[in-house]
Amino acid sequence: MSLIEKTAAELLTLQAGGQASASEITDAFLAAIRDRDPKVHAFQHVDEADAKAQAAAVDAKRKSGAKLGPLAGVPVAVKDVLCTKGTPTTCSSKILQGFVPPYDATVVERLRAADAVLIGKTNMDEFAMGSSTENSAYFTTRNPWDTDCIPGGSSGGSAAAVAACEAPLSLGTDTGGSIRQPAAVCGIVGIKPTYGRVSRYGLIAFASSLDQVGPFTHDVTDCALMMEVLAGHDPRDSTSVNEPVPAYTQSLNTPVKGLKIGVPKEFFSEGIDPEVEAAVRTALKEYEKQGAKLIDVSLPHSPYALAAYYIVAPAEASSNLARYDGMHYGHRTKQKADLIATYAKSRSEGFGKEVQRRILIGTYVLSSGYANKYYVKALKVRRLVKQDYDDAFKQCDVVMGPTTPTAAFKIGSKSDDPLAMYLSDIYTVSCNLAGIPGISIPCGFTKAGLPIGLQLLSPPFDEEKMLRVARMYESATDWHTRRPTV
Ligand code: GLN
């Protein structure tokens with residue numbers, strides 16, 4: 001196995017044993033980006049000199065005998081929705097073209113403090129709105145398993161970067177599935193932590209009551225490692241929760257005794273690809289083999305979750321995106337106009353079609369006369385969706401099902417049909433509405449060779465058990481060791 005195919009844990013061991021330096025590792029990934037990214041298009045911005053300098057600093061620190069951080073010398077790619085001091089951050093939008101943040105997001109700060117090497121910024125759906133990265137204002141990222149297919153979205157660049165071995169780790173964000181869905185279709189691991197578990201400071205907001213930051217990794221061990229670095233209270237994010245962060249890596253290999261798995265019938269609804277269903281059912285059998293009990297649970301309000309999400313998320317987006325007015329930063333129209341017309345023209349020129357659609361929907365559902373009918377009603381549905389999970393978790397430790405109804409679809413096949421695109425989130429949005437954590441792990445391939453994801457959901461702040469349960473399956477299978485030929 002070459003350096004670039006290794007996991008972060010393996011790269012740490014190699015460095016500790018003196019078999020590879022941070023500079024050698026970083027050079028290997030930079031070479032992989034040069035070689036593979038012209039095919040995958042995962043990265044929006046890579047500064048080779050800066051990455052090399054970070055790696056050299058880690059090597060020097062090691063030589064000096066100073067204590068190293070938990071991700072020392074491991075490259076990490078960062079979704080372009082997270083502010084990186086001195087490095088362009090565009091949200092893959094024209095409206096933020098040329099924007100260079102004067103500060104780091106807390107998660108970026110934490111990665112630097114852990115001695116990770118920030119290797120580049122990744123492509124995404126504009127403002128994280130989408131499920132395929134086709135909504136990027138710049139280019140579409142490709143699925144490393146089949147470059148005619150989408151890598152998922154909105155964090156498609158971050159998922160493709162890890163799957164294609166252009167980075168061993170990356171950061172994404174998940175508002176309605178944007179970590180778990182691309183992880184599933186790219187054959188890697190992706191976790192959406194409990195709302196409040198990871199700081200949102202410096203994350204450019206899409207829908208603030210749903211957004212969470214989380215990692216993409218090759219396996220569950222690396223995911224636990226990343227969670228130890230990312231999670232924890234941040235006084236700069238008022239929704240960040242002051243709960244102790246368990247040592248996730250310590251308990252990881254202890255299987256959960258007497259595990260009870262809730263299997264909701266609503267997660268095997270019509271529209272699910274039979275190959276996806278078969279792979280998930282086989283994964284559930286593996287758990288049974290390990291002594292777990294499968295329990296039928298019901299999430300009766302989940303058929304309404306998608307509709308509620310596509311009201312709540314656009315409503316919040318329409319408010320969050322009001323700040324892009326062409327005045328403070330980002331794109332300003334060149335056309336001569338008065339103040340109001342300058343706002344309007346800058347926004348029309350700077351925002352893409354999907355973002356404009358969301359702003360229109362959001363403004364509509366919040367407008368007087370309609371707010372009670374749509375927005376307030378959606379909030380009530382959200383409460384019921386949460387209640388469903390509370391009830392389910394009285395009977396089981398985790399809930400399981402497919403992450404996505406189908407494997408990766410062809411680029412262009414849904415881009416003219418927003419409703420068909422929204423349906424890719426059918427199994428992921430309820431987790432965000434409920435604020436609970438969810439993880440997607442690889443559980444097989446379709447006959448066409450495309451990855452399939454298994455989704456695990458757990459009660460709030462129970463990531464520790466969720467990761468242990470994920471590891472139980474992983475330790476009995478080898479899907480996570482497969483790498484595509486790019
Ligand atoms: N695909 C969903 C949307 O378009 C979710 C996006 C996300 O999680 N950021 O809103």
# chains A, B, ... in the order shown; residues from 1 in each chain; ligands from 1

call {"tool": "closest_atom_pairs", "arguments": {"of": "chain A", "to": "ligand 1", "cutoff": "6 Å", "atoms": "only C-alpha atoms and all ligand atoms", "output": "tab-separated table"}}
result
residue	atom	partner	partner_atom_place_in_ligand_line	distance
A:Ala128	CA	ligand 1	9 (N)	4.3
A:Met129	CA	ligand 1	4 (O)	3.9
A:Gly130	CA	ligand 1	4 (O)	3.5
A:Ser131	CA	ligand 1	1 (N)	4.2
A:Ser154	CA	ligand 1	9 (N)	5.3
A:Asp174	CA	ligand 1	8 (O)	4.0
A:Thr175	CA	ligand 1	8 (O)	3.4
A:Gly176	CA	ligand 1	8 (O)	3.6
A:Gly177	CA	ligand 1	8 (O)	4.2
A:Ser178	CA	ligand 1	8 (O)	3.5
A:Asp425	CA	ligand 1	1 (N)	5.8

call {"tool": "write_last_selection", "arguments": {"atoms": "C-alpha atoms", "output": "mmCIF file, in the first residue's frame"}}
result
data_model
loop_
_atom_site.group_PDB
_atom_site.id
_atom_site.type_symbol
_atom_site.label_atom_id
_atom_site.label_comp_id
_atom_site.auth_asym_id
_atom_site.auth_seq_id
_atom_site.Cartn_x
_atom_site.Cartn_y
_atom_site.Cartn_z
ATOM 1 C CA ALA A 128 -23.840 23.947 0.713
ATOM 2 C CA MET A 129 -27.150 23.789 -1.161
ATOM 3 C CA GLY A 130 -27.271 20.587 -3.134
ATOM 4 C CA SER A 131 -26.532 16.872 -3.199
ATOM 5 C CA SER A 154 -22.836 19.354 -0.744
ATOM 6 C CA ASP A 174 -23.981 18.556 7.152
ATOM 7 C CA THR A 175 -27.237 20.532 7.174
ATOM 8 C CA GLY A 176 -29.476 17.835 5.716
ATOM 9 C CA GLY A 177 -27.044 15.077 4.806
ATOM 10 C CA SER A 178 -24.076 16.805 3.212
ATOM 11 C CA ASP A 425 -31.765 13.457 1.176
#

call {"tool": "select_by_dssp", "arguments": {"residues": "range 293-420 of chain A", "states": "alpha helix (DSSP H)", "output": "number ranges by chain"}}
result
A: 305-320, 339-350, 353-366, 377-392, 418-420

call {"tool": "closest_residue", "arguments": {"among": "A:Glu288, A:Tyr364, A:Lys192, A:Ser238", "to": "Ser458 in chain A", "atoms": "only C-alpha atoms"}}
result
A:Lys192

call {"tool": "select_by_dssp", "arguments": {"residues": "range 109-297 of chain A", "states": "strand (DSSP E)", "output": "VMD selection string"}}
result
chain A and resid 117 to 122 169 to 174 189 to 192 212 to 217 260 to 264 293 to 297

call {"tool": "write_last_selection", "arguments": {"atoms": "N, CA and C atoms", "output": "mmCIF file, in the first residue's frame"}}
result
data_model
loop_
_atom_site.group_PDB
_atom_site.id
_atom_site.type_symbol
_atom_site.label_atom_id
_atom_site.label_comp_id
_atom_site.auth_asym_id
_atom_site.auth_seq_id
_atom_site.Cartn_x
_atom_site.Cartn_y
_atom_site.Cartn_z
ATOM 1 N N VAL A 117 -1.679 19.190 8.815
ATOM 2 C CA VAL A 117 -1.232 20.010 7.681
ATOM 3 C C VAL A 117 -2.460 20.334 6.827
ATOM 4 N N LEU A 118 -2.820 21.611 6.760
ATOM 5 C CA LEU A 118 -3.988 21.996 5.956
ATOM 6 C C LEU A 118 -3.551 22.038 4.499
ATOM 7 N N ILE A 119 -4.094 21.115 3.712
ATOM 8 C CA ILE A 119 -3.561 20.913 2.370
ATOM 9 C C ILE A 119 -4.346 21.644 1.278
ATOM 10 N N GLY A 120 -5.569 22.058 1.565
ATOM 11 C CA GLY A 120 -6.313 22.785 0.536
ATOM 12 C C GLY A 120 -7.785 22.908 0.861
ATOM 13 N N LYS A 121 -8.475 23.678 0.042
ATOM 14 C CA LYS A 121 -9.913 23.915 0.210
ATOM 15 C C LYS A 121 -10.657 23.150 -0.891
ATOM 16 N N THR A 122 -11.789 22.552 -0.501
ATOM 17 C CA THR A 122 -12.476 21.667 -1.451
ATOM 18 C C THR A 122 -13.770 22.253 -1.995
ATOM 19 N N LEU A 169 -7.724 12.787 5.264
ATOM 20 C CA LEU A 169 -8.804 13.307 6.109
ATOM 21 C C LEU A 169 -9.354 14.572 5.472
ATOM 22 N N SER A 170 -10.628 14.857 5.752
ATOM 23 C CA SER A 170 -11.154 16.159 5.327
ATOM 24 C C SER A 170 -12.298 16.571 6.238
ATOM 25 N N LEU A 171 -12.677 17.841 6.105
ATOM 26 C CA LEU A 171 -13.814 18.374 6.855
ATOM 27 C C LEU A 171 -14.954 18.668 5.896
ATOM 28 N N GLY A 172 -16.160 18.353 6.351
ATOM 29 C CA GLY A 172 -17.357 18.719 5.611
ATOM 30 C C GLY A 172 -18.338 19.380 6.559
ATOM 31 N N THR A 173 -19.496 19.737 6.018
ATOM 32 C CA THR A 173 -20.586 20.203 6.878
ATOM 33 C C THR A 173 -21.859 19.500 6.441
ATOM 34 N N ASP A 174 -22.775 19.343 7.382
ATOM 35 C CA ASP A 174 -23.981 18.556 7.152
ATOM 36 C C ASP A 174 -25.172 19.327 7.711
ATOM 37 N N VAL A 189 -16.134 6.974 5.324
ATOM 38 C CA VAL A 189 -16.863 7.210 6.569
ATOM 39 C C VAL A 189 -17.104 8.712 6.728
ATOM 40 N N GLY A 190 -18.300 9.087 7.148
ATOM 41 C CA GLY A 190 -18.604 10.496 7.405
ATOM 42 C C GLY A 190 -19.577 10.608 8.554
ATOM 43 N N ILE A 191 -19.296 11.505 9.490
ATOM 44 C CA ILE A 191 -20.167 11.638 10.667
ATOM 45 C C ILE A 191 -20.721 13.051 10.760
ATOM 46 N N LYS A 192 -22.022 13.130 11.085
ATOM 47 C CA LYS A 192 -22.608 14.401 11.493
ATOM 48 C C LYS A 192 -22.779 14.337 12.995
ATOM 49 N N GLN A 212 -23.909 21.412 11.008
ATOM 50 C CA GLN A 212 -22.848 20.888 11.883
ATOM 51 C C GLN A 212 -21.622 20.557 11.034
ATOM 52 N N VAL A 213 -20.450 20.701 11.628
ATOM 53 C CA VAL A 213 -19.193 20.343 10.964
ATOM 54 C C VAL A 213 -18.830 18.922 11.369
ATOM 55 N N GLY A 214 -18.231 18.176 10.448
ATOM 56 C CA GLY A 214 -17.765 16.832 10.794
ATOM 57 C C GLY A 214 -16.727 16.346 9.804
ATOM 58 N N PRO A 215 -16.046 15.250 10.153
ATOM 59 C CA PRO A 215 -14.962 14.750 9.299
ATOM 60 C C PRO A 215 -15.377 13.672 8.295
ATOM 61 N N PHE A 216 -14.563 13.550 7.237
ATOM 62 C CA PHE A 216 -14.575 12.402 6.316
ATOM 63 C C PHE A 216 -13.272 11.643 6.535
ATOM 64 N N THR A 217 -13.372 10.323 6.612
ATOM 65 C CA THR A 217 -12.185 9.502 6.851
ATOM 66 C C THR A 217 -12.345 8.175 6.103
ATOM 67 N N LYS A 260 -28.993 -3.345 20.904
ATOM 68 C CA LYS A 260 -30.329 -3.372 20.305
ATOM 69 C C LYS A 260 -30.377 -2.366 19.157
ATOM 70 N N ILE A 261 -30.680 -2.861 17.975
ATOM 71 C CA ILE A 261 -30.698 -2.011 16.777
ATOM 72 C C ILE A 261 -32.137 -1.782 16.326
ATOM 73 N N GLY A 262 -32.541 -0.544 16.253
ATOM 74 C CA GLY A 262 -33.869 -0.217 15.759
ATOM 75 C C GLY A 262 -33.843 -0.115 14.234
ATOM 76 N N VAL A 263 -34.758 -0.831 13.599
ATOM 77 C CA VAL A 263 -34.822 -0.786 12.137
ATOM 78 C C VAL A 263 -36.181 -0.205 11.740
ATOM 79 N N PRO A 264 -36.220 1.062 11.331
ATOM 80 C CA PRO A 264 -37.504 1.685 10.992
ATOM 81 C C PRO A 264 -37.985 1.258 9.608
ATOM 82 N N LYS A 293 -29.553 -7.553 18.620
ATOM 83 C CA LYS A 293 -30.966 -7.854 18.388
ATOM 84 C C LYS A 293 -31.571 -6.779 17.496
ATOM 85 N N LEU A 294 -32.273 -7.187 16.443
ATOM 86 C CA LEU A 294 -32.939 -6.209 15.575
ATOM 87 C C LEU A 294 -34.367 -5.991 16.071
ATOM 88 N N ILE A 295 -34.745 -4.742 16.194
ATOM 89 C CA ILE A 295 -36.084 -4.417 16.690
ATOM 90 C C ILE A 295 -36.792 -3.536 15.670
ATOM 91 N N ASP A 296 -38.024 -3.901 15.336
ATOM 92 C CA ASP A 296 -38.803 -3.043 14.426
ATOM 93 C C ASP A 296 -39.208 -1.793 15.177
ATOM 94 N N VAL A 297 -38.805 -0.648 14.675
ATOM 95 C CA VAL A 297 -39.269 0.603 15.277
ATOM 96 C C VAL A 297 -39.972 1.406 14.185
#

call {"tool": "closest_residue", "arguments": {"among": "A:Leu419, A:Val40, A:Ala56, A:Ala407", "to": "Lys447 in chain A", "atoms": "only C-alpha atoms"}}
result
A:Ala407

call {"tool": "residues_around", "arguments": {"residues": "range 326-340 of chain A", "least_positions_apart": "3", "cutoff": "10 Å", "atoms": "only C-alpha atoms", "output": "PyMOL selection string"}}
result
chain A and resi 90+93-100+323+343-351

call {"tool": "write_last_selection", "arguments": {"atoms": "all heavy atoms", "output": "compact mmCIF listing (two decimals), in the first residue's frame"}}
result
# COMPACT_ATOMS: atom_id res chain seq x y z
N THR A 90 -14.66 30.64 -0.59
CA THR A 90 -15.68 31.14 -1.52
C THR A 90 -17.05 30.51 -1.35
O THR A 90 -18.01 30.98 -1.97
CB THR A 90 -15.26 30.88 -2.98
OG1 THR A 90 -15.27 29.45 -3.20
CG2 THR A 90 -13.89 31.44 -3.30
N SER A 93 -19.11 29.96 -4.45
CA SER A 93 -20.06 30.95 -4.96
C SER A 93 -19.30 32.09 -5.62
O SER A 93 -18.21 32.45 -5.17
CB SER A 93 -20.91 31.51 -3.82
OG SER A 93 -21.80 32.49 -4.31
N LYS A 94 -19.90 32.66 -6.66
CA LYS A 94 -19.30 33.83 -7.31
C LYS A 94 -19.36 35.03 -6.37
O LYS A 94 -18.53 35.94 -6.44
CB LYS A 94 -20.07 34.17 -8.60
CG LYS A 94 -19.83 33.16 -9.72
CD LYS A 94 -18.89 33.73 -10.78
CE LYS A 94 -18.03 32.67 -11.46
NZ LYS A 94 -18.77 31.80 -12.39
N ILE A 95 -20.36 35.03 -5.48
CA ILE A 95 -20.55 36.21 -4.65
C ILE A 95 -19.41 36.36 -3.64
O ILE A 95 -19.13 37.47 -3.18
CB ILE A 95 -21.94 36.20 -3.96
CG1 ILE A 95 -22.42 37.65 -3.79
CG2 ILE A 95 -21.93 35.49 -2.61
CD1 ILE A 95 -23.90 37.84 -3.83
N LEU A 96 -18.71 35.27 -3.32
CA LEU A 96 -17.59 35.36 -2.39
C LEU A 96 -16.24 35.21 -3.10
O LEU A 96 -15.21 35.01 -2.45
CB LEU A 96 -17.71 34.32 -1.27
CG LEU A 96 -18.63 34.73 -0.13
CD1 LEU A 96 -18.80 33.59 0.87
CD2 LEU A 96 -18.09 35.96 0.60
N GLN A 97 -16.25 35.33 -4.44
CA GLN A 97 -15.00 35.23 -5.17
C GLN A 97 -14.02 36.28 -4.65
O GLN A 97 -14.37 37.45 -4.50
CB GLN A 97 -15.25 35.46 -6.67
CG GLN A 97 -14.12 35.01 -7.53
CD GLN A 97 -14.57 34.76 -8.97
OE1 GLN A 97 -15.52 35.38 -9.45
NE2 GLN A 97 -13.90 33.86 -9.65
N GLY A 98 -12.80 35.84 -4.35
CA GLY A 98 -11.78 36.78 -3.88
C GLY A 98 -11.83 37.06 -2.39
O GLY A 98 -11.00 37.81 -1.89
N PHE A 99 -12.77 36.47 -1.67
CA PHE A 99 -12.86 36.72 -0.23
C PHE A 99 -11.77 35.93 0.51
O PHE A 99 -11.64 34.73 0.35
CB PHE A 99 -14.25 36.32 0.31
CG PHE A 99 -14.35 36.40 1.81
CD1 PHE A 99 -14.13 37.60 2.48
CD2 PHE A 99 -14.65 35.27 2.57
CE1 PHE A 99 -14.23 37.67 3.88
CE2 PHE A 99 -14.75 35.33 3.95
CZ PHE A 99 -14.53 36.53 4.61
N VAL A 100 -10.99 36.64 1.30
CA VAL A 100 -9.95 36.00 2.11
C VAL A 100 -10.24 36.32 3.58
O VAL A 100 -10.12 37.47 4.00
CB VAL A 100 -8.54 36.49 1.72
CG1 VAL A 100 -7.48 35.81 2.58
CG2 VAL A 100 -8.27 36.22 0.25
N ARG A 323 -26.96 38.98 4.11
CA ARG A 323 -25.74 39.78 4.35
C ARG A 323 -24.92 40.01 3.09
O ARG A 323 -24.07 40.88 3.07
CB ARG A 323 -24.89 39.12 5.43
CG ARG A 323 -24.19 37.88 4.97
CD ARG A 323 -23.54 37.12 6.11
NE ARG A 323 -24.54 36.61 7.05
CZ ARG A 323 -24.28 35.69 7.97
NH1 ARG A 323 -23.08 35.18 8.09
NH2 ARG A 323 -25.23 35.26 8.79
N TYR A 343 -27.74 46.49 -4.60
CA TYR A 343 -27.98 45.23 -3.85
C TYR A 343 -28.54 44.17 -4.81
O TYR A 343 -28.04 43.06 -4.88
CB TYR A 343 -29.04 45.44 -2.75
CG TYR A 343 -28.65 46.29 -1.56
CD1 TYR A 343 -29.64 46.89 -0.79
CD2 TYR A 343 -27.32 46.46 -1.19
CE1 TYR A 343 -29.33 47.66 0.32
CE2 TYR A 343 -27.00 47.24 -0.08
CZ TYR A 343 -28.01 47.83 0.68
OH TYR A 343 -27.70 48.58 1.78
N ALA A 344 -29.60 44.55 -5.50
CA ALA A 344 -30.33 43.59 -6.32
C ALA A 344 -29.43 43.03 -7.43
O ALA A 344 -29.37 41.81 -7.64
CB ALA A 344 -31.58 44.23 -6.90
N LYS A 345 -28.72 43.92 -8.12
CA LYS A 345 -27.89 43.46 -9.23
C LYS A 345 -26.72 42.62 -8.73
O LYS A 345 -26.37 41.61 -9.34
CB LYS A 345 -27.36 44.67 -10.04
CG LYS A 345 -28.44 45.34 -10.89
CD LYS A 345 -27.80 46.44 -11.75
CE LYS A 345 -28.83 47.44 -12.27
NZ LYS A 345 -29.88 46.85 -13.11
N SER A 346 -26.10 43.03 -7.63
CA SER A 346 -24.97 42.26 -7.09
C SER A 346 -25.43 40.85 -6.74
O SER A 346 -24.75 39.86 -7.03
CB SER A 346 -24.40 42.93 -5.83
OG SER A 346 -23.95 44.22 -6.13
N ARG A 347 -26.60 40.75 -6.12
CA ARG A 347 -27.12 39.45 -5.70
C ARG A 347 -27.54 38.60 -6.90
O ARG A 347 -27.27 37.40 -6.94
CB ARG A 347 -28.28 39.63 -4.72
CG ARG A 347 -27.81 40.11 -3.34
CD ARG A 347 -28.93 40.64 -2.46
NE ARG A 347 -29.88 39.62 -2.03
CZ ARG A 347 -29.67 38.77 -1.03
NH1 ARG A 347 -28.54 38.79 -0.36
NH2 ARG A 347 -30.60 37.89 -0.68
N SER A 348 -28.16 39.23 -7.89
CA SER A 348 -28.57 38.47 -9.08
C SER A 348 -27.35 37.94 -9.83
O SER A 348 -27.37 36.83 -10.34
CB SER A 348 -29.38 39.33 -10.05
OG SER A 348 -30.45 39.91 -9.38
N GLU A 349 -26.30 38.75 -9.88
CA GLU A 349 -25.09 38.30 -10.59
C GLU A 349 -24.29 37.30 -9.77
O GLU A 349 -23.65 36.40 -10.32
CB GLU A 349 -24.18 39.51 -10.91
CG GLU A 349 -24.76 40.47 -11.93
CD GLU A 349 -24.01 41.82 -11.97
OE1 GLU A 349 -22.96 41.95 -11.31
OE2 GLU A 349 -24.49 42.73 -12.67
N GLY A 350 -24.30 37.46 -8.46
CA GLY A 350 -23.40 36.67 -7.61
C GLY A 350 -23.94 35.31 -7.19
O GLY A 350 -23.16 34.38 -6.98
N PHE A 351 -25.27 35.19 -7.04
CA PHE A 351 -25.85 33.92 -6.59
C PHE A 351 -26.25 33.06 -7.78
O PHE A 351 -26.83 33.57 -8.75
CB PHE A 351 -27.11 34.16 -5.76
CG PHE A 351 -26.86 34.71 -4.37
CD1 PHE A 351 -27.64 35.76 -3.88
CD2 PHE A 351 -25.89 34.17 -3.54
CE1 PHE A 351 -27.45 36.25 -2.59
CE2 PHE A 351 -25.69 34.65 -2.25
CZ PHE A 351 -26.47 35.71 -1.78

call {"tool": "residues_around", "arguments": {"residues": "Ala307 in chain A", "least_positions_apart": "6", "cutoff": "12 Å", "atoms": "only C-alpha atoms", "output": "PyMOL selection string"}}
result
chain A and resi 176+301+313-314+374-375+377-379+381-382+385+419+422-423+425-426+429-430+433

call {"tool": "closest_residue", "arguments": {"among": "A:Arg34, A:His41, A:Asp47, A:Val220", "to": "Gly156 in chain A", "atoms": "only C-alpha atoms"}}
result
A:His41

call {"tool": "residues_around", "arguments": {"residues": "Arg383 in chain A", "least_positions_apart": "3", "cutoff": "12 Å", "atoms": "only C-alpha atoms", "output": "PDB file with N, CA and C atoms, in the first residue's frame"}}
result
ATOM      1  N   HIS A 301     -43.435  10.056  11.585  1.00  0.00           N
ATOM      2  CA  HIS A 301     -43.470  11.366  10.925  1.00  0.00           C
ATOM      3  C   HIS A 301     -42.386  11.555   9.875  1.00  0.00           C
ATOM      4  N   SER A 302     -41.551  10.521   9.685  1.00  0.00           N
ATOM      5  CA  SER A 302     -40.460  10.723   8.729  1.00  0.00           C
ATOM      6  C   SER A 302     -40.920  10.982   7.288  1.00  0.00           C
ATOM      7  N   TYR A 304     -42.801  13.146   6.432  1.00  0.00           N
ATOM      8  CA  TYR A 304     -42.973  14.609   6.316  1.00  0.00           C
ATOM      9  C   TYR A 304     -41.667  15.374   6.555  1.00  0.00           C
ATOM     10  N   ALA A 305     -40.613  14.615   6.893  1.00  0.00           N
ATOM     11  CA  ALA A 305     -39.358  15.275   7.276  1.00  0.00           C
ATOM     12  C   ALA A 305     -38.757  16.075   6.121  1.00  0.00           C
ATOM     13  N   ALA A 308     -40.581  19.296   5.572  1.00  0.00           N
ATOM     14  CA  ALA A 308     -40.306  20.252   6.656  1.00  0.00           C
ATOM     15  C   ALA A 308     -38.908  20.839   6.501  1.00  0.00           C
ATOM     16  N   TYR A 309     -37.952  19.961   6.151  1.00  0.00           N
ATOM     17  CA  TYR A 309     -36.571  20.429   5.961  1.00  0.00           C
ATOM     18  C   TYR A 309     -36.505  21.488   4.859  1.00  0.00           C
ATOM     19  N   VAL A 376     -44.164  27.906  10.495  1.00  0.00           N
ATOM     20  CA  VAL A 376     -44.547  27.465  11.843  1.00  0.00           C
ATOM     21  C   VAL A 376     -45.003  26.004  11.813  1.00  0.00           C
ATOM     22  N   LYS A 377     -45.706  25.638  10.749  1.00  0.00           N
ATOM     23  CA  LYS A 377     -46.153  24.248  10.622  1.00  0.00           C
ATOM     24  C   LYS A 377     -44.940  23.314  10.495  1.00  0.00           C
ATOM     25  N   ALA A 378     -43.956  23.743   9.717  1.00  0.00           N
ATOM     26  CA  ALA A 378     -42.743  22.918   9.542  1.00  0.00           C
ATOM     27  C   ALA A 378     -42.026  22.736  10.883  1.00  0.00           C
ATOM     28  N   LEU A 379     -42.041  23.789  11.708  1.00  0.00           N
ATOM     29  CA  LEU A 379     -41.402  23.662  13.028  1.00  0.00           C
ATOM     30  C   LEU A 379     -42.137  22.640  13.890  1.00  0.00           C
ATOM     31  N   LYS A 380     -43.457  22.592  13.733  1.00  0.00           N
ATOM     32  CA  LYS A 380     -44.241  21.605  14.492  1.00  0.00           C
ATOM     33  C   LYS A 380     -43.899  20.193  14.025  1.00  0.00           C
ATOM     34  N   LYS A 386     -38.504  14.774  15.990  1.00  0.00           N
ATOM     35  CA  LYS A 386     -37.626  14.595  17.161  1.00  0.00           C
ATOM     36  C   LYS A 386     -38.258  13.622  18.160  1.00  0.00           C
ATOM     37  N   GLN A 387     -39.567  13.806  18.369  1.00  0.00           N
ATOM     38  CA  GLN A 387     -40.307  12.929  19.292  1.00  0.00           C
ATOM     39  C   GLN A 387     -40.232  11.466  18.836  1.00  0.00           C
ATOM     40  N   ASP A 388     -40.355  11.248  17.527  1.00  0.00           N
ATOM     41  CA  ASP A 388     -40.247   9.886  16.975  1.00  0.00           C
ATOM     42  C   ASP A 388     -38.934   9.236  17.399  1.00  0.00           C
ATOM     43  N   TYR A 389     -37.833  10.004  17.271  1.00  0.00           N
ATOM     44  CA  TYR A 389     -36.529   9.446  17.651  1.00  0.00           C
ATOM     45  C   TYR A 389     -36.455   9.198  19.156  1.00  0.00           C
ATOM     46  N   ASP A 390     -36.955  10.151  19.935  1.00  0.00           N
ATOM     47  CA  ASP A 390     -36.960   9.948  21.397  1.00  0.00           C
ATOM     48  C   ASP A 390     -37.671   8.640  21.741  1.00  0.00           C
ATOM     49  N   SER A 430     -33.866  13.857   8.542  1.00  0.00           N
ATOM     50  CA  SER A 430     -34.559  13.786   9.836  1.00  0.00           C
ATOM     51  C   SER A 430     -33.559  13.883  10.996  1.00  0.00           C
ATOM     52  N   CYS A 431     -32.361  13.378  10.785  1.00  0.00           N
ATOM     53  CA  CYS A 431     -31.293  13.449  11.801  1.00  0.00           C
ATOM     54  C   CYS A 431     -30.963  14.908  12.137  1.00  0.00           C
ATOM     55  N   ASN A 432     -30.881  15.759  11.120  1.00  0.00           N
ATOM     56  CA  ASN A 432     -30.592  17.182  11.359  1.00  0.00           C
ATOM     57  C   ASN A 432     -31.764  17.860  12.040  1.00  0.00           C
ATOM     58  N   LEU A 433     -32.991  17.529  11.598  1.00  0.00           N
ATOM     59  CA  LEU A 433     -34.166  18.151  12.215  1.00  0.00           C
ATOM     60  C   LEU A 433     -34.212  17.786  13.697  1.00  0.00           C
ATOM     61  N   ALA A 434     -33.829  16.544  14.030  1.00  0.00           N
ATOM     62  CA  ALA A 434     -33.871  16.087  15.420  1.00  0.00           C
ATOM     63  C   ALA A 434     -32.633  16.490  16.211  1.00  0.00           C
ATOM     64  N   GLY A 435     -31.581  16.929  15.527  1.00  0.00           N
ATOM     65  CA  GLY A 435     -30.361  17.364  16.211  1.00  0.00           C
ATOM     66  C   GLY A 435     -29.481  16.228  16.702  1.00  0.00           C
TER      67      GLY A 435
END

call {"tool": "atom_distance", "arguments": {"atom1": "CA of Tyr370 in chain A", "atom2": "CA of Ser319 in chain A"}}
result
15.9 Å

call {"tool": "residues_around", "arguments": {"residues": "Gly453 in chain A", "least_positions_apart": "5", "cutoff": "10 Å", "atoms": "only C-alpha atoms", "output": "ChimeraX atom specification"}}
result
/A:180-190,276,279-280,401-407,439-445

call {"tool": "atom_distance", "arguments": {"atom1": "CA of Thr87 in chain A", "atom2": "CA of Arg358 in chain A"}}
result
27.6 Å
